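Containing mmCIF, C-alpha atoms (C1' of nucleotides): model.cif.
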data_coords
loop_
_atom_site.label_atom_id
_atom_site.label_comp_id
_atom_site.auth_asym_id
_atom_site.auth_seq_id
_atom_site.Cartn_x
_atom_site.Cartn_y
_atom_site.Cartn_z
CA MET A 1 -3.13 14.74 3.28
CA GLU A 2 -6.34 12.96 2.49
CA ARG A 3 -6.24 9.30 1.62
CA LYS A 4 -7.02 8.96 -2.06
CA SER A 5 -8.95 5.74 -2.46
CA PHE A 6 -7.55 4.95 -5.85
CA GLY A 7 -6.13 2.03 -7.71
CA HIS A 8 -2.66 3.49 -7.74
CA MET A 9 -2.40 2.86 -4.01
CA GLN A 10 -1.35 -0.63 -4.94
CA CYS A 11 1.87 0.95 -6.15
CA PRO A 12 4.61 0.85 -3.48
CA ILE A 13 5.72 4.36 -4.42
CA ALA A 14 2.22 5.72 -3.85
CA ARG A 15 1.99 3.76 -0.62
CA SER A 16 5.24 5.29 0.56
CA LEU A 17 3.98 8.74 -0.31
CA GLU A 18 0.82 8.11 1.67
CA HIS A 19 3.03 8.26 4.75
CA VAL A 20 5.67 10.83 3.83
CA GLY A 21 4.09 12.60 0.88
CA GLU A 22 3.30 15.94 2.43
CA TRP A 23 5.67 18.83 2.39
CA TRP A 24 6.91 18.76 5.98
CA SER A 25 7.06 15.05 6.66
CA ILE A 26 10.33 14.38 4.88
CA LEU A 27 11.98 17.45 6.38
CA ILE A 28 10.92 16.30 9.84
CA LEU A 29 12.51 12.92 9.17
CA ARG A 30 15.64 14.64 7.89
CA ASP A 31 15.85 16.60 11.14
CA ALA A 32 15.29 13.42 13.12
CA PHE A 33 18.30 11.92 11.33
CA TYR A 34 20.18 15.11 12.14
CA GLY A 35 19.53 14.34 15.80
CA LEU A 36 16.52 16.54 16.61
CA SER A 37 13.81 14.93 18.70
CA ARG A 38 11.76 17.54 20.50
CA PHE A 39 8.74 19.52 19.37
CA ASP A 40 10.36 22.91 19.75
CA GLU A 41 13.55 21.76 18.05
CA PHE A 42 11.61 20.74 14.95
CA GLN A 43 9.59 23.94 15.13
CA ALA A 44 12.65 26.17 15.35
CA SER A 45 14.49 24.25 12.65
CA LEU A 46 11.66 24.18 10.13
CA GLY A 47 9.68 27.31 10.86
CA VAL A 48 6.51 25.29 10.39
CA ALA A 49 3.27 26.32 12.07
CA THR A 50 2.82 24.49 15.37
CA ASN A 51 -0.59 23.07 14.52
CA THR A 52 0.75 21.62 11.29
CA LEU A 53 3.79 20.28 13.11
CA SER A 54 1.72 18.46 15.70
CA ARG A 55 -0.43 16.93 12.95
CA ARG A 56 2.59 15.79 10.98
CA LEU A 57 4.30 14.35 14.04
CA ALA A 58 1.12 12.50 14.94
CA ALA A 59 0.88 11.15 11.38
CA LEU A 60 4.49 9.99 11.43
CA VAL A 61 3.91 8.30 14.79
CA GLU A 62 0.74 6.72 13.40
CA ALA A 63 2.67 5.48 10.37
CA GLY A 64 5.25 3.91 12.68
CA LEU A 65 8.15 6.08 11.53
CA LEU A 66 8.57 7.96 14.79
CA GLU A 67 7.96 6.90 18.37
CA LYS A 68 6.59 9.41 20.84
CA ARG A 69 7.93 8.78 24.28
CA PRO A 70 8.20 10.76 27.49
CA TYR A 71 11.72 11.68 28.47
CA MET A 72 10.52 13.37 31.66
CA GLN A 73 7.32 12.78 33.60
CA ARG A 74 7.27 15.79 35.87
CA PRO A 75 6.65 18.01 34.00
CA PRO A 76 5.49 15.74 31.17
CA ARG A 77 7.81 16.19 28.21
CA TYR A 78 8.06 14.15 25.04
CA GLU A 79 10.53 13.32 22.36
CA TYR A 80 10.03 11.85 18.92
CA VAL A 81 12.63 9.30 17.92
CA LEU A 82 13.06 7.26 14.78
CA THR A 83 11.79 3.71 14.80
CA ASP A 84 13.40 0.93 12.76
CA ARG A 85 10.93 1.71 10.00
CA GLY A 86 11.88 5.38 10.17
CA ARG A 87 15.59 4.62 10.08
CA ASP A 88 14.96 2.43 7.05
CA PHE A 89 13.92 5.62 5.24
CA ARG A 90 17.55 6.77 5.20
CA PRO A 91 18.28 5.57 1.64
CA VAL A 92 15.45 7.76 0.35
CA LEU A 93 16.85 10.80 2.15
CA LEU A 94 20.34 10.09 0.87
CA SER A 95 19.02 9.67 -2.67
CA LEU A 96 17.21 12.98 -2.41
CA LEU A 97 20.36 14.59 -1.03
CA ALA A 98 22.51 13.18 -3.81
CA TRP A 99 20.01 14.24 -6.46
CA GLY A 100 19.84 17.75 -5.03
CA ASN A 101 23.63 17.92 -5.01
CA ARG A 102 23.88 16.74 -8.60
CA GLN A 103 21.09 18.90 -10.01
CA PHE A 104 20.61 22.00 -7.90
CA ALA A 105 23.93 22.84 -6.25
CA THR A 106 24.66 25.59 -8.73
CA GLU A 107 26.93 27.54 -6.38
CA GLY A 108 28.74 24.55 -5.01
CA ARG A 109 27.61 21.96 -2.52
CA SER A 110 26.48 22.97 0.92
CA VAL A 111 26.38 19.43 2.29
CA GLU A 112 28.68 16.54 1.49
CA LEU A 113 28.91 12.97 2.67
CA ILE A 114 32.13 11.49 3.95
CA ASP A 115 33.28 8.14 5.25
CA ARG A 116 34.14 8.71 8.89
CA GLU A 117 36.97 6.19 8.78
CA SER A 118 38.78 7.30 5.65
CA GLY A 119 37.50 10.87 5.46
CA GLU A 120 36.88 10.31 1.75
CA ALA A 121 33.85 11.75 0.01
CA VAL A 122 31.03 9.27 -0.46
CA GLU A 123 28.75 9.34 -3.49
CA PRO A 124 25.73 7.11 -3.03
CA ILE A 125 24.49 5.20 -6.04
CA LEU A 126 21.99 2.36 -6.25
CA CYS A 127 23.34 -1.15 -6.70
CA ASP A 128 21.81 -4.59 -6.73
CA ARG A 129 22.27 -6.15 -3.33
CA ALA A 130 22.98 -9.61 -4.74
CA THR A 131 25.46 -8.78 -7.49
CA GLY A 132 26.69 -5.35 -6.42
CA ARG A 133 26.21 -4.04 -9.95
CA PRO A 134 25.12 -0.41 -10.35
CA ILE A 135 21.44 -0.32 -11.22
CA ALA A 136 22.03 2.48 -13.73
CA GLU A 137 24.10 0.06 -15.79
CA MET A 138 21.54 -2.74 -15.62
CA ARG A 139 18.38 -3.18 -17.61
CA VAL A 140 15.96 -3.17 -14.72
CA ARG A 141 12.27 -3.58 -15.19
CA ALA A 142 9.29 -3.34 -12.84
CA VAL A 143 7.03 -6.38 -13.03
CA PRO A 144 3.83 -7.24 -11.15
CA GLY A 145 4.39 -9.10 -7.90
CA PRO A 146 2.17 -11.78 -6.37
CA ALA A 147 -0.15 -9.21 -4.79
CA ALA A 148 -0.71 -7.16 -7.96
CA ASP A 149 -4.29 -6.78 -9.16
CA GLU A 150 -5.46 -6.85 -12.77
CA ARG A 151 -5.25 -3.11 -13.24
CA LEU A 152 -1.64 -2.95 -12.12
CA ARG A 153 -0.73 -6.05 -14.15
CA ARG A 154 -2.01 -4.35 -17.25
CA ARG A 155 -0.01 -1.20 -16.53
CA LEU A 156 3.20 -3.11 -16.03
CA SER A 157 2.67 -5.47 -18.95
CA ASP A 158 3.89 -4.00 -22.19
CA PRO A 159 6.27 -1.06 -22.00
CA PRO A 160 9.83 -1.12 -20.77
CA VAL A 161 8.99 0.51 -17.48
CA LEU A 162 11.23 2.21 -14.98
CA MET B 1 3.67 24.86 -3.00
CA GLU B 2 4.87 28.20 -1.84
CA ARG B 3 8.55 28.89 -1.67
CA LYS B 4 9.56 29.08 1.96
CA SER B 5 12.31 31.63 2.20
CA PHE B 6 14.12 29.91 5.00
CA GLY B 7 17.61 28.98 5.93
CA HIS B 8 16.98 25.29 5.49
CA MET B 9 16.77 25.84 1.75
CA GLN B 10 20.54 25.55 1.76
CA CYS B 11 19.98 21.86 2.48
CA PRO B 12 20.04 19.77 -0.69
CA ILE B 13 17.15 17.66 0.57
CA ALA B 14 15.00 20.75 1.06
CA ARG B 15 16.08 22.04 -2.32
CA SER B 16 15.04 18.78 -3.93
CA LEU B 17 11.69 18.95 -2.19
CA GLU B 18 11.17 22.48 -3.46
CA HIS B 19 10.78 20.90 -6.88
CA VAL B 20 9.09 17.58 -6.16
CA GLY B 21 7.73 18.12 -2.66
CA GLU B 22 4.04 18.27 -3.37
CA TRP B 23 1.79 15.29 -3.37
CA TRP B 24 1.29 14.81 -7.10
CA SER B 25 4.73 15.72 -8.44
CA ILE B 26 6.44 12.45 -7.59
CA LEU B 27 3.52 10.38 -8.87
CA ILE B 28 3.62 12.30 -12.14
CA LEU B 29 7.32 11.51 -12.45
CA ARG B 30 6.62 7.87 -11.64
CA ASP B 31 4.07 7.76 -14.45
CA ALA B 32 6.53 9.45 -16.78
CA PHE B 33 8.99 6.64 -16.01
CA TYR B 34 6.16 4.21 -16.65
CA GLY B 35 5.93 5.67 -20.14
CA LEU B 36 3.03 8.13 -19.84
CA SER B 37 3.53 11.47 -21.51
CA ARG B 38 0.19 13.10 -22.32
CA PHE B 39 -2.04 15.28 -20.20
CA ASP B 40 -5.01 12.96 -20.34
CA GLU B 41 -2.89 9.91 -19.63
CA PHE B 42 -1.63 11.45 -16.41
CA GLN B 43 -5.12 12.60 -15.55
CA ALA B 44 -6.66 9.17 -16.07
CA SER B 45 -3.86 7.41 -14.23
CA LEU B 46 -3.80 9.67 -11.20
CA GLY B 47 -7.37 10.91 -10.90
CA VAL B 48 -6.00 14.35 -10.11
CA ALA B 49 -8.02 17.50 -10.82
CA THR B 50 -7.12 18.96 -14.18
CA ASN B 51 -6.27 22.41 -12.86
CA THR B 52 -3.91 20.90 -10.31
CA LEU B 53 -2.39 18.68 -12.96
CA SER B 54 -1.68 21.58 -15.29
CA ARG B 55 -0.06 23.50 -12.42
CA ARG B 56 2.10 20.56 -11.44
CA LEU B 57 3.15 19.83 -15.00
CA ALA B 58 4.04 23.50 -15.46
CA ALA B 59 6.08 23.41 -12.24
CA LEU B 60 7.92 20.28 -13.32
CA VAL B 61 8.66 21.85 -16.69
CA GLU B 62 9.80 25.01 -14.92
CA ALA B 63 12.08 22.95 -12.69
CA GLY B 64 13.59 21.31 -15.76
CA LEU B 65 12.39 17.80 -14.94
CA LEU B 66 9.96 17.51 -17.84
CA GLU B 67 10.02 19.00 -21.28
CA LYS B 68 6.78 20.12 -22.90
CA ARG B 69 6.89 19.63 -26.61
CA PRO B 70 4.35 19.45 -29.38
CA TYR B 71 3.97 16.05 -30.95
CA MET B 72 1.43 17.36 -33.46
CA GLN B 73 0.86 20.89 -34.71
CA ARG B 74 -2.52 20.58 -36.33
CA PRO B 75 -4.36 20.29 -33.99
CA PRO B 76 -1.80 21.46 -31.42
CA ARG B 77 -1.07 18.59 -29.03
CA TYR B 78 1.64 18.30 -26.42
CA GLU B 79 3.54 15.67 -24.55
CA TYR B 80 5.62 15.89 -21.41
CA VAL B 81 8.81 13.88 -21.49
CA LEU B 82 11.55 13.40 -18.95
CA THR B 83 14.67 15.51 -19.32
CA ASP B 84 18.11 14.31 -18.23
CA ARG B 85 17.47 15.97 -14.89
CA GLY B 86 14.15 14.18 -14.61
CA ARG B 87 15.65 10.82 -15.50
CA ASP B 88 18.29 11.42 -12.85
CA PHE B 89 15.45 11.29 -10.31
CA ARG B 90 15.12 7.54 -10.89
CA PRO B 91 17.22 6.50 -7.87
CA VAL B 92 14.85 8.42 -5.60
CA LEU B 93 11.84 6.65 -7.10
CA LEU B 94 13.52 3.27 -6.81
CA SER B 95 14.46 4.00 -3.18
CA LEU B 96 10.87 4.93 -2.43
CA LEU B 97 9.68 1.79 -4.18
CA ALA B 98 12.10 -0.39 -2.26
CA TRP B 99 11.18 1.23 1.05
CA GLY B 100 7.48 0.76 0.35
CA ASN B 101 8.09 -2.87 -0.50
CA ARG B 102 10.09 -3.45 2.67
CA GLN B 103 7.78 -1.59 5.04
CA PHE B 104 4.24 -1.54 3.69
CA ALA B 105 3.77 -4.61 1.50
CA THR B 106 1.86 -6.45 4.21
CA GLU B 107 -0.06 -8.65 1.79
CA GLY B 108 2.85 -9.39 -0.48
CA ARG B 109 4.52 -7.22 -3.05
CA SER B 110 2.53 -5.79 -5.92
CA VAL B 111 5.57 -4.57 -7.84
CA GLU B 112 8.97 -6.17 -8.11
CA LEU B 113 12.15 -5.29 -9.93
CA ILE B 114 13.95 -7.75 -12.16
CA ASP B 115 17.08 -7.76 -14.27
CA ARG B 116 15.88 -8.12 -17.84
CA GLU B 117 18.88 -10.15 -18.83
CA SER B 118 18.92 -12.73 -16.05
CA GLY B 119 15.31 -12.44 -14.94
CA GLU B 120 16.55 -12.37 -11.36
CA ALA B 121 14.95 -10.15 -8.72
CA VAL B 122 16.83 -6.93 -8.09
CA GLU B 123 16.97 -5.32 -4.66
CA PRO B 124 18.36 -1.80 -4.82
CA ILE B 125 20.61 -0.67 -1.99
CA LEU B 126 22.84 2.37 -1.73
CA CYS B 127 26.56 1.88 -2.23
CA ASP B 128 29.51 4.20 -2.46
CA ARG B 129 30.35 4.75 -6.12
CA ALA B 130 34.11 4.67 -5.54
CA THR B 131 34.44 1.63 -3.31
CA GLY B 132 31.20 -0.21 -4.02
CA ARG B 133 30.65 -0.72 -0.30
CA PRO B 134 27.05 -0.66 0.98
CA ILE B 135 26.41 2.67 2.68
CA ALA B 136 24.43 0.96 5.44
CA GLU B 137 27.63 -0.78 6.51
CA MET B 138 29.72 2.38 6.42
CA ARG B 139 29.94 5.15 8.95
CA VAL B 140 28.77 7.97 6.75
CA ARG B 141 28.50 11.50 7.97
CA ALA B 142 27.12 14.69 6.45
CA VAL B 143 29.58 17.57 6.60
CA PRO B 144 29.32 21.16 5.37
CA GLY B 145 30.47 21.67 1.80
CA PRO B 146 32.21 24.71 0.36
CA ALA B 147 28.91 26.57 -0.17
CA ALA B 148 27.57 26.02 3.36
CA ASP B 149 26.74 29.11 5.39
CA GLU B 150 27.37 29.60 9.11
CA ARG B 151 23.97 28.38 10.18
CA LEU B 152 24.32 25.11 8.31
CA ARG B 153 27.91 24.67 9.48
CA ARG B 154 26.74 24.89 13.06
CA ARG B 155 24.01 22.33 12.48
CA LEU B 156 26.37 19.84 10.94
CA SER B 157 29.17 20.42 13.41
CA ASP B 158 28.80 18.28 16.49
CA PRO B 159 26.44 15.32 16.30
CA PRO B 160 26.96 12.15 14.32
CA VAL B 161 24.44 13.14 11.65
CA LEU B 162 22.73 11.04 9.02
"C1'" DT C 1 -22.40 22.69 -43.64
"C1'" DC C 2 -23.48 20.78 -39.36
"C1'" DC C 3 -22.62 17.74 -35.64
"C1'" DA C 4 -20.09 14.87 -32.66
"C1'" DC C 5 -15.71 14.12 -30.85
"C1'" DT C 6 -10.76 14.72 -29.00
"C1'" DA C 7 -6.72 16.75 -26.34
"C1'" DA C 8 -5.35 20.12 -23.52
"C1'" DC C 9 -6.46 23.14 -21.15
"C1'" DT C 10 -8.95 27.46 -18.13
"C1'" DT C 11 -12.50 29.36 -15.07
"C1'" DG C 12 -15.73 29.60 -11.04
"C1'" DC C 13 -17.01 28.06 -6.90
"C1'" DA C 14 -17.14 25.21 -2.60
"C1'" DT C 15 -14.34 22.74 0.50
"C1'" DA C 16 -10.05 21.45 2.77
"C1'" DA C 17 -5.40 22.46 4.39
"C1'" DT C 18 -2.10 25.74 6.12
"C1'" DG C 19 -0.02 29.68 8.67
"C1'" DA C 20 0.14 33.25 12.28
"C1'" DA C 21 -0.91 34.41 16.64
"C1'" DA C 22 -2.96 33.71 20.87
"C1'" DG C 23 -4.43 30.64 24.54
"C1'" DT C 24 -3.92 26.23 27.42
"C1'" DT C 25 -1.81 22.76 30.51
"C1'" DA C 26 1.30 21.16 33.71
"C1'" DG C 27 4.83 21.93 35.59
"C1'" DT C 28 9.83 24.58 37.65
"C1'" DG C 29 12.61 28.11 39.99
"C1'" DG C 30 12.94 32.34 42.65
"C1'" DC D 1 2.88 34.78 43.60
"C1'" DC D 2 5.11 35.64 39.31
"C1'" DA D 3 7.80 34.63 35.34
"C1'" DC D 4 9.13 31.01 32.46
"C1'" DT D 5 9.25 26.50 29.71
"C1'" DA D 6 7.66 22.56 26.58
"C1'" DA D 7 4.17 20.86 24.15
"C1'" DC D 8 0.59 21.58 22.56
"C1'" DT D 9 -4.78 23.41 20.94
"C1'" DT D 10 -7.87 26.91 19.16
"C1'" DT D 11 -9.33 30.66 16.17
"C1'" DC D 12 -9.38 32.89 12.07
"C1'" DA D 13 -7.65 34.47 7.60
"C1'" DT D 14 -5.29 32.88 3.54
"C1'" DT D 15 -4.13 29.44 0.23
"C1'" DA D 16 -4.60 25.18 -2.26
"C1'" DT D 17 -7.41 21.59 -4.06
"C1'" DG D 18 -11.35 19.19 -6.17
"C1'" DC D 19 -15.36 19.22 -9.06
"C1'" DA D 20 -17.88 20.58 -12.87
"C1'" DA D 21 -18.41 23.29 -16.71
"C1'" DG D 22 -16.59 26.02 -20.44
"C1'" DT D 23 -12.90 27.04 -24.04
"C1'" DT D 24 -9.79 26.37 -28.07
"C1'" DA D 25 -8.34 24.31 -32.10
"C1'" DG D 26 -8.76 21.06 -34.53
"C1'" DT D 27 -10.69 15.96 -37.15
"C1'" DG D 28 -13.90 12.84 -39.34
"C1'" DG D 29 -18.45 11.68 -40.94
"C1'" DA D 30 -23.50 12.39 -42.88
#

Just give me the structure of the file as structure tokens.
Amino acid sequence: MERKSFGHMQCPIARSLEHVGEWWSILILRDAFYGLSRFDEFQASLGVATNTLSRRLAALVEAGLLEKRPYMQRPPRYEYVLTDRGRDFRPVLLSLLAWGNRQFATEGRSVELIDRESGEAVEPILCDRATGRPIAEMRVRAVPGPAADERLRRRLSDPPVL
Amino acid sequence: MERKSFGHMQCPIARSLEHVGEWWSILILRDAFYGLSRFDEFQASLGVATNTLSRRLAALVEAGLLEKRPYMQRPPRYEYVLTDRGRDFRPVLLSLLAWGNRQFATEGRSVELIDRESGEAVEPILCDRATGRPIAEMRVRAVPGPAADERLRRRLSDPPVL
DNA sequence: TCCACTAACTTGCATAATGAAAGTTAGTGG
DNA sequence: CCACTAACTTTCATTATGCAAGTTAGTGGA
């Protein structure tokens, strides 16, 4: 949970994990995508301790992934709904889901994705937005961007990374 | 770290997080993709405590994401290299990287992806393998698979999920 | 032979995070 | 007035983590 003040925080993966890196955060977001929004719904779904849940929800609100808003003022009741930034996390969830299905669904899949129009199964893979080519078939390399510091530049310099 | 014996472990996202859910695991995998393989390399890169690192490496080996193998017998030295299952985690890392770049690169990007052939920037998005259509533009829904139990079936039944 | 050095750990101890259970707050409905 | 609900907070025991030091099995040099 603690912020590690370390050079690797320049890395966008580490920066993402700063916000969703703890155990419950991603499962809370998953439940939010599944339509849950209220404290007790998350609690019942996850079985997480309530103090941990309130901390995680607060952290996700702080990070701008969820918005806490009252849906009733008397008595005061709140719901936590995905922001644009939170909804933008969907590709990560779908990638995790697809990976879990490929690697750990030993006794068959328990969740599948379908296209609601055609009813066909959907298998998400990463493609380049511009060309539409599957990334797995491309020779993609991570390179330092304009905001990279010396340390990161050195790390990304020589080897064929990612 | 502990295994939560809970119904949500049927979910492929939760099952994925069982193996990579803790703070350091994903950063270790990132470094493995960046070409690191030795204990001290990970330690220096991450600044993680050595006891935690050895536990995490053992867990990743246990999960079949890394393989521990000697690269020298006298003196005995080991390296940790990605297995097929570990390499298959790449789309998750790239999705996290892309999300971090979109949402948290306030002062410009520090890491970018390029196609090594054309040199062009690559922006990874999720597409359906069969049709090539971007998933964001499709109406995708999660439905129970053959191995889903009653509890999960109920959760995936009514709302327009994911 | 002795000494310094390396990689890959393990151990001991203090601190931080988490879980379980109980308590709190601000209400409703009977 | 009493039971009940949602959304928490507090307390306390357990667990995980970080830090520093020690261990193991070697190499290379004086």

### Selection under test: the PyMOL selection byres ((chain C and resi 6) around 12); residues as number ranges by chain
B: 40, 75-77; C: 4-5, 7-8; D: 24-28

### Task
Excluding Ala14 (chain A) and residues on its chain fewer than 5 positions from it, collect all residues at most 12 Å away from it, counting all atoms listed in the file, and give them as a PyMOL selection string.
(chain A and resi 3-9+19-21) or (chain B and resi 23-31+46+93-94+96-101+104-105+110-111)

### Task
Residues of chain B no more than 12 Å from chain D, counting all atoms listed in the file: send them over as a list in words.
Met1, Glu2, Glu22, Trp23, Trp24, Gly47, Val48, Ala49, Thr50, Asn51, Thr52, Leu53, Arg55, Met72, Gln73, Arg74, Pro75, Pro76 and Arg77 of chain B

Return as JSON lines the residues of chain C lying at most 8 Å from chain A, together with the closest atom-to-atom pair for each and the distance in Å to one decimal, counting all atoms listed in the file, with rows in chain order and ascending residue number.
{"residue": "C:DT18", "atom": "C1'", "partner": "A:Thr52", "partner_atom": "CA", "distance": 7.2}
{"residue": "C:DG19", "atom": "C1'", "partner": "A:Ala49", "partner_atom": "CA", "distance": 5.8}
{"residue": "C:DA20", "atom": "C1'", "partner": "A:Ala49", "partner_atom": "CA", "distance": 7.6}
{"residue": "C:DA26", "atom": "C1'", "partner": "A:Pro75", "partner_atom": "CA", "distance": 6.2}
{"residue": "C:DG27", "atom": "C1'", "partner": "A:Pro75", "partner_atom": "CA", "distance": 4.6}

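Here CA of Thr83 (chain B) and CA of Gly64 (chain B) stand 6.9 Å from one another.
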
### Query
What gap, in Å, lies between CA of Gln103 (chain A) and CA of Leu126 (chain A)?
17.0 Å

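Listed by chain and then by number, the residues chosen by the PyMOL selection byres ((chain A and resi 118) around 12) in this file are Leu113, Ile114, Asp115, Arg116, Glu117, Gly119, Glu120, Ala121 and Val122 of chain A; Thr131, Met138, Arg139, Val140 and Arg141 of chain B.
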
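Atom pair CA of Ser95 (chain A) / CA of Arg85 (chain B) has a distance of 13.8 Å (rounded to one decimal).
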